[in-house]
$ cat coords-v3.txt   # compact mmCIF, C-alpha atoms
# COMPACT_ATOMS: atom_id res chain seq x y z
CA MET A 13 0.00 0.00 0.00
CA THR A 14 1.45 3.34 -1.10
CA ILE A 15 0.17 6.66 0.19
CA THR A 16 1.28 9.89 -1.44
CA ALA A 17 0.24 13.44 -0.62
CA ASP A 18 1.65 15.43 -3.54
CA HIS A 19 -1.61 16.05 -5.41
CA ASP A 20 -3.03 19.47 -6.17
CA TYR A 21 -6.57 20.69 -6.83
CA ASP A 22 -6.34 20.01 -10.57
CA ASP A 23 -5.85 16.30 -9.84
CA LEU A 24 -9.13 15.95 -7.95
CA PRO A 25 -11.30 15.23 -11.03
CA ARG A 26 -9.00 12.33 -11.92
CA LEU A 27 -9.17 10.97 -8.38
CA MET A 28 -12.95 11.24 -8.37
CA SER A 29 -13.17 9.52 -11.76
CA LEU A 30 -11.56 6.43 -10.24
CA MET A 31 -14.66 5.91 -8.09
CA THR A 32 -17.25 4.19 -10.22
CA GLY A 33 -20.15 1.98 -9.27
CA ASP A 34 -23.79 2.52 -8.41
CA GLU A 35 -23.59 5.92 -6.72
CA LYS A 36 -26.80 7.94 -6.68
CA HIS A 37 -25.49 11.08 -4.97
CA ASP A 38 -22.90 12.38 -7.42
CA PHE A 39 -24.05 15.99 -7.14
CA ALA A 40 -23.91 15.78 -3.36
CA ALA A 41 -20.22 15.03 -3.84
CA THR A 42 -19.33 17.64 -6.43
CA SER A 43 -21.16 20.37 -4.50
CA THR A 44 -18.73 19.99 -1.60
CA LEU A 45 -15.49 19.62 -3.55
CA ASP A 46 -14.19 23.20 -3.31
CA VAL A 47 -15.12 23.61 0.35
CA LEU A 48 -13.35 20.38 1.24
CA TRP A 49 -10.24 21.26 -0.73
CA VAL A 50 -9.81 24.71 0.81
CA LEU A 51 -10.33 23.34 4.30
CA TYR A 52 -7.83 20.50 3.97
CA ASP A 53 -5.34 22.44 1.87
CA ARG A 54 -5.24 25.74 3.75
CA VAL A 55 -7.23 25.73 6.99
CA LEU A 56 -7.38 22.50 9.00
CA ASP A 57 -4.54 21.72 11.37
CA VAL A 58 -4.59 17.98 10.79
CA THR A 59 -2.36 15.66 8.77
CA PRO A 60 -2.19 11.88 8.33
CA GLU A 61 0.66 11.84 10.86
CA ARG A 62 -1.42 13.80 13.40
CA ALA A 63 -4.79 12.19 12.73
CA GLU A 64 -4.99 10.97 16.35
CA ALA A 65 -3.21 13.89 18.04
CA THR A 66 -5.09 15.39 20.96
CA ASP A 67 -4.52 18.93 19.71
CA ARG A 68 -5.60 18.29 16.09
CA ASP A 69 -8.45 20.14 14.46
CA ARG A 70 -11.56 18.01 14.05
CA PHE A 71 -13.47 17.89 10.76
CA LEU A 72 -16.87 16.18 10.79
CA LEU A 73 -18.55 15.43 7.47
CA SER A 74 -22.26 15.46 8.25
CA LYS A 75 -23.20 15.55 4.55
CA GLY A 76 -21.93 12.00 4.27
CA HIS A 77 -24.08 10.80 1.37
CA GLY A 78 -22.16 11.03 -1.88
CA PRO A 79 -18.71 11.09 -0.21
CA MET A 80 -16.60 10.83 -3.38
CA ALA A 81 -15.20 14.36 -3.06
CA TYR A 82 -14.30 13.67 0.57
CA TYR A 83 -12.48 10.47 -0.34
CA ALA A 84 -10.69 12.21 -3.22
CA VAL A 85 -9.44 14.97 -0.93
CA LEU A 86 -8.38 12.45 1.74
CA ALA A 87 -6.44 10.58 -0.94
CA ALA A 88 -4.89 13.78 -2.27
CA LYS A 89 -3.72 14.69 1.22
CA GLY A 90 -2.36 11.24 2.04
CA PHE A 91 -4.94 9.97 4.53
CA VAL A 92 -5.98 7.05 2.33
CA PRO A 93 -4.15 5.33 -0.54
CA GLU A 94 -5.19 6.16 -4.07
CA GLU A 95 -5.54 2.48 -4.91
CA TRP A 96 -8.53 2.26 -2.58
CA LEU A 97 -10.56 4.59 -4.79
CA PRO A 98 -11.49 2.20 -7.64
CA GLY A 99 -13.07 -0.16 -5.12
CA PHE A 100 -15.40 2.55 -3.79
CA GLY A 101 -18.71 1.14 -2.62
CA SER A 102 -17.79 -2.50 -3.18
CA TYR A 103 -18.46 -5.19 -0.58
CA ASP A 104 -14.92 -5.37 0.80
CA SER A 105 -13.91 -1.72 0.36
CA PRO A 106 -13.36 0.53 3.40
CA LEU A 107 -14.77 3.37 1.29
CA GLY A 108 -18.50 2.92 1.62
CA HIS A 109 -21.37 5.03 0.33
CA HIS A 110 -21.36 6.64 3.76
CA PRO A 111 -17.99 7.14 5.51
CA ASP A 112 -17.22 4.85 8.43
CA ARG A 113 -14.90 6.29 11.05
CA VAL A 114 -13.63 2.82 11.94
CA LEU A 115 -12.59 2.07 8.34
CA VAL A 116 -11.57 5.44 6.86
CA PRO A 117 -8.37 7.02 8.21
CA GLY A 118 -8.99 10.63 9.15
CA ALA A 119 -12.79 10.34 9.39
CA GLU A 120 -14.01 11.61 12.75
CA ILE A 121 -17.57 10.25 12.55
CA GLY A 122 -19.67 7.75 10.66
CA SER A 123 -22.08 9.93 8.71
CA GLY A 124 -24.83 10.13 6.14
CA SER A 125 -28.00 10.30 8.23
CA LEU A 126 -29.19 13.90 7.94
CA GLY A 127 -29.13 16.08 11.03
CA HIS A 128 -26.51 14.24 13.10
CA GLY A 129 -23.24 16.00 12.31
CA LEU A 130 -23.86 19.42 13.82
CA PRO A 131 -25.06 18.08 17.19
CA LEU A 132 -21.98 15.83 17.27
CA ALA A 133 -19.77 18.82 16.46
CA VAL A 134 -21.34 20.80 19.30
CA GLY A 135 -20.58 17.92 21.65
CA SER A 136 -17.01 17.72 20.37
CA ALA A 137 -16.42 21.44 20.91
CA LEU A 138 -17.99 21.27 24.36
CA GLY A 139 -15.87 18.24 25.27
CA LEU A 140 -12.65 19.94 24.18
CA ARG A 141 -13.55 23.01 26.23
CA ALA A 142 -14.24 20.83 29.27
CA GLN A 143 -10.74 19.34 28.93
CA GLY A 144 -9.16 22.77 28.71
CA LEU A 145 -8.14 22.21 25.08
CA THR A 146 -8.65 25.66 23.60
CA ASP A 147 -6.50 25.39 20.46
CA PRO A 148 -8.24 22.67 18.39
CA ALA A 149 -10.97 23.92 16.09
CA VAL A 150 -14.05 21.83 15.30
CA TRP A 151 -15.43 22.03 11.77
CA VAL A 152 -18.59 20.42 10.44
CA LEU A 153 -19.89 20.40 6.86
CA ILE A 154 -23.65 20.15 6.47
CA GLY A 155 -26.01 20.46 3.53
CA ASP A 156 -28.80 23.02 3.40
CA ALA A 157 -31.37 20.20 3.37
CA GLU A 158 -30.12 19.11 6.78
CA LEU A 159 -31.62 22.30 8.18
CA ASP A 160 -34.99 20.63 7.67
CA GLU A 161 -34.06 18.50 10.70
CA GLY A 162 -34.97 19.84 14.13
CA SER A 163 -31.85 18.41 15.75
CA ASN A 164 -29.76 20.98 13.91
CA HIS A 165 -31.79 23.90 15.20
CA GLU A 166 -31.38 22.70 18.78
CA ALA A 167 -27.63 22.45 18.18
CA ILE A 168 -27.50 25.95 16.66
CA ALA A 169 -29.37 27.42 19.61
CA TYR A 170 -27.19 25.68 22.19
CA ALA A 171 -23.86 26.49 20.53
CA GLY A 172 -24.67 30.18 20.28
CA ALA A 173 -25.83 30.42 23.88
CA ALA A 174 -22.74 28.55 25.08
CA GLY A 175 -20.39 30.75 23.05
CA LEU A 176 -18.58 27.80 21.46
CA ASP A 177 -16.12 29.93 19.53
CA ARG A 178 -13.99 26.96 18.41
CA LEU A 179 -16.98 25.58 16.50
CA HIS A 180 -17.32 26.25 12.76
CA THR A 181 -20.15 25.13 10.49
CA VAL A 182 -20.03 25.17 6.70
CA VAL A 183 -23.45 24.93 5.07
CA VAL A 184 -23.21 23.92 1.40
CA ASP A 185 -26.32 25.51 -0.09
CA ASN A 186 -27.46 23.90 -3.34
CA ALA A 187 -31.11 24.91 -2.85
CA SER A 188 -32.23 21.40 -1.94
CA ALA A 189 -33.97 22.18 1.37
CA SER A 190 -37.69 21.41 1.49
CA HIS A 191 -38.59 24.23 3.88
CA ALA A 192 -37.59 27.81 3.11
CA LEU A 193 -35.75 29.77 5.79
CA PRO A 194 -37.08 33.34 6.02
CA GLY A 195 -34.22 35.79 5.61
CA GLY A 196 -31.90 33.09 4.30
CA ILE A 197 -29.80 30.46 6.01
CA SER A 198 -27.43 32.89 7.68
CA ALA A 199 -30.32 34.62 9.48
CA ARG A 200 -31.06 31.42 11.42
CA PHE A 201 -27.52 31.32 12.76
CA GLU A 202 -27.37 35.06 13.45
CA ALA A 203 -30.53 34.84 15.53
CA ALA A 204 -28.73 32.33 17.77
CA ASN A 205 -25.63 34.50 18.33
CA TRP A 206 -23.41 33.01 15.64
CA SER A 207 -20.97 34.91 13.47
CA THR A 208 -22.01 34.32 9.84
CA THR A 209 -20.97 35.00 6.28
CA THR A 210 -22.28 33.89 2.88
CA VAL A 211 -19.92 33.29 -0.05
CA ASP A 212 -19.59 31.70 -3.47
CA GLY A 213 -18.89 28.03 -2.73
CA ARG A 214 -16.65 27.72 -5.80
CA ASP A 215 -14.42 30.75 -5.05
CA HIS A 216 -11.37 29.50 -3.17
CA ALA A 217 -10.15 32.94 -2.13
CA ALA A 218 -13.59 33.90 -0.79
CA LEU A 219 -13.92 30.58 1.02
CA TYR A 220 -10.52 30.97 2.68
CA GLU A 221 -11.32 34.52 3.80
CA ALA A 222 -14.65 33.37 5.24
CA PHE A 223 -13.12 30.35 6.96
CA THR A 224 -10.42 32.43 8.66
CA ALA A 225 -12.54 35.44 9.67
CA PRO A 226 -12.24 36.26 13.40
CA HIS A 227 -15.31 35.56 15.54
CA PRO A 228 -14.37 36.04 19.22
CA GLY A 229 -16.84 34.59 21.68
CA ARG A 230 -19.18 33.15 19.06
CA PRO A 231 -19.35 30.07 16.86
CA HIS A 232 -18.94 30.75 13.14
CA ALA A 233 -21.11 29.69 10.19
CA VAL A 234 -20.15 29.96 6.53
CA VAL A 235 -22.90 29.50 3.95
CA ALA A 236 -21.25 28.33 0.71
CA ARG A 237 -23.62 28.77 -2.19
CA VAL A 238 -23.23 26.49 -5.21
CA GLU A 239 -25.33 25.85 -8.29
CA PRO A 240 -28.86 24.56 -7.48
CA LYS A 241 -29.19 20.80 -7.42
CA ASN A 242 -32.15 20.79 -9.79
CA ALA A 243 -30.50 23.12 -12.30
CA ARG A 244 -28.12 20.49 -13.66

$ encode --input "coords-v3.txt" --output "structure tokens"
Amino acid sequence: MTITADHDYDDLPRLMSLMTGDEKHDFAATSTLDVLWVLYDRVLDVTPERAEATDRDRFLLSKGHGPMAYYAVLAAKGFVPEEWLPGFGSYDSPLGHHPDRVLVPGAEIGSGSLGHGLPLAVGSALGLRAQGLTDPAVWVLIGDAELDEGSNHEAIAYAGAAGLDRLHTVVVDNASASHALPGGISARFEAANWSTTTVDGRDHAALYEAFTAPHPGRPHAVVARVEPKNAR
């Protein structure tokens, strides 16, 4: 097994093309590609060598259906070997249609069921605070449709009231939510004392600026808008 981490962004389409099979959530994957790349390439303090370090940043993929972009980025950054990719979704592959934290190096949670990731991220941030670990950041990527789930709204309310300023949520908005949010997605977070910003989810410079914006005393939410799911 050979693991290399010398890929760049332009190699991601090739890595994703290696994953074939009966995957029904291809757009769920491509919608997250740029967010994932900017996070792993320029923001997250975590490497394959430090994947178990106590002071690592935590990244939780809540939008776990259609995880091809996630696997491609993990392969590009050396967490998983490239030769695993062609077996994606097969019976004996560690790369399932939903990531499994026991099987996928670097994965913090098993994910795919909508509405679970943000509550888990809140618990992670709260647990780190309770241990006095103030340096690690907790990041969670959710889809806009996950905001149809009440568990997320409870997590948003709690995190804002608790001032979990090491918690960061990225909402990839491809207009697939069933229930409209008056005032937009960011308004829901702002009402709960979060720092928020909305950006083009394909613009790497804008994403990086949004991801690294200061937000003392408050959790931070970035709404990354991409092309609507039904417009393809």

$ residues_around --input "coords-v3.txt" --residues "His216 in chain A" --least-positions-apart "6" --cutoff "12 Å" --atoms "all atoms listed in the file" --output "PyMOL selection string"
chain A and resi 21+45-51+53-55+222-223+236

$ closest_residue --input "coords-v3.txt" --among "A:Val150, A:Leu130, A:Val234, A:Leu115" --to "Val58 in chain A" --atoms "all atoms listed in the file"
A:Val150

$ atom_distance --input "coords-v3.txt" --atom1 "CA of Leu30 in chain A" --atom2 "CA of Val182 in chain A"
26.6 Å

$ residues_around --input "coords-v3.txt" --residues "Leu138 in chain A" --least-positions-apart "4" --cutoff "9 Å" --atoms "only C-alpha atoms" --output "number ranges by chain"
A: 133-134, 142-143, 171, 174, 176

$ residues_near_point --input "coords-v3.txt" --point "(-11.3, 26.6, 21.7)" --cutoff "12 Å" --atoms "only C-alpha atoms" --output "number ranges by chain"
A: 67-70, 134, 136-151, 175-180, 227-231

$ residues_around --input "coords-v3.txt" --residues "range 238-240 of chain A" --least-positions-apart "3" --cutoff "8 Å" --atoms "only C-alpha atoms" --output "list in words"
Ser43, Val184, Asp185, Asn186, Ala187, Ser188, Asp212, Gly213, Arg214, Ala243 and Arg244 of chain A

$ closest_residue --input "coords-v3.txt" --among "A:Ser105, A:Ser190, A:Ser123, A:Thr181" --to "Met31 in chain A" --atoms "all atoms listed in the file"
A:Ser105

$ atom_distance --input "coords-v3.txt" --atom1 "CA of Gly162 in chain A" --atom2 "CA of Pro111 in chain A"
22.9 Å

$ closest_residue --input "coords-v3.txt" --among "A:Glu166, A:Glu158, A:Asp104, A:Glu94" --to "Leu24 in chain A" --atoms "only C-alpha atoms"
A:Glu94

$ atom_distance --input "coords-v3.txt" --atom1 "CA of Ser74 in chain A" --atom2 "CA of His128 in chain A"
6.6 Å

$ closest_residue --input "coords-v3.txt" --among "A:Gly155, A:Gly172, A:Gly135, A:Pro93" --to "Val235 in chain A" --atoms "only C-alpha atoms"
A:Gly155

$ closest_residue --input "coords-v3.txt" --among "A:Arg62, A:His232, A:Arg26, A:Arg237" --to "Val211 in chain A" --atoms "all atoms listed in the file"
A:Arg237

$ closest_residue --input "coords-v3.txt" --among "A:His165, A:His110, A:Lys241, A:Lys75" --to "Ala203 in chain A" --atoms "all atoms listed in the file"
A:His165

$ residues_near_point --input "coords-v3.txt" --point "(-2.5, 14.5, 2.3)" --cutoff "10 Å" --atoms "all atoms listed in the file" --output "ChimeraX atom specification"
/A:15-20,52-53,58-61,85-93

$ write_last_selection --input "coords-v3.txt" --atoms "C-alpha atoms" --output "short mmCIF file (atom, residue, chain, number, x, y, z; two decimals), in the coordinates of the input"
data_model
loop_
_atom_site.label_atom_id
_atom_site.label_comp_id
_atom_site.auth_asym_id
_atom_site.auth_seq_id
_atom_site.Cartn_x
_atom_site.Cartn_y
_atom_site.Cartn_z
CA ILE A 15 0.17 6.66 0.19
CA THR A 16 1.28 9.89 -1.44
CA ALA A 17 0.24 13.44 -0.62
CA ASP A 18 1.65 15.43 -3.54
CA HIS A 19 -1.61 16.05 -5.41
CA ASP A 20 -3.03 19.47 -6.17
CA TYR A 52 -7.83 20.50 3.97
CA ASP A 53 -5.34 22.44 1.87
CA VAL A 58 -4.59 17.98 10.79
CA THR A 59 -2.36 15.66 8.77
CA PRO A 60 -2.19 11.88 8.33
CA GLU A 61 0.66 11.84 10.86
CA VAL A 85 -9.44 14.97 -0.93
CA LEU A 86 -8.38 12.45 1.74
CA ALA A 87 -6.44 10.58 -0.94
CA ALA A 88 -4.89 13.78 -2.27
CA LYS A 89 -3.72 14.69 1.22
CA GLY A 90 -2.36 11.24 2.04
CA PHE A 91 -4.94 9.97 4.53
CA VAL A 92 -5.98 7.05 2.33
CA PRO A 93 -4.15 5.33 -0.54
#
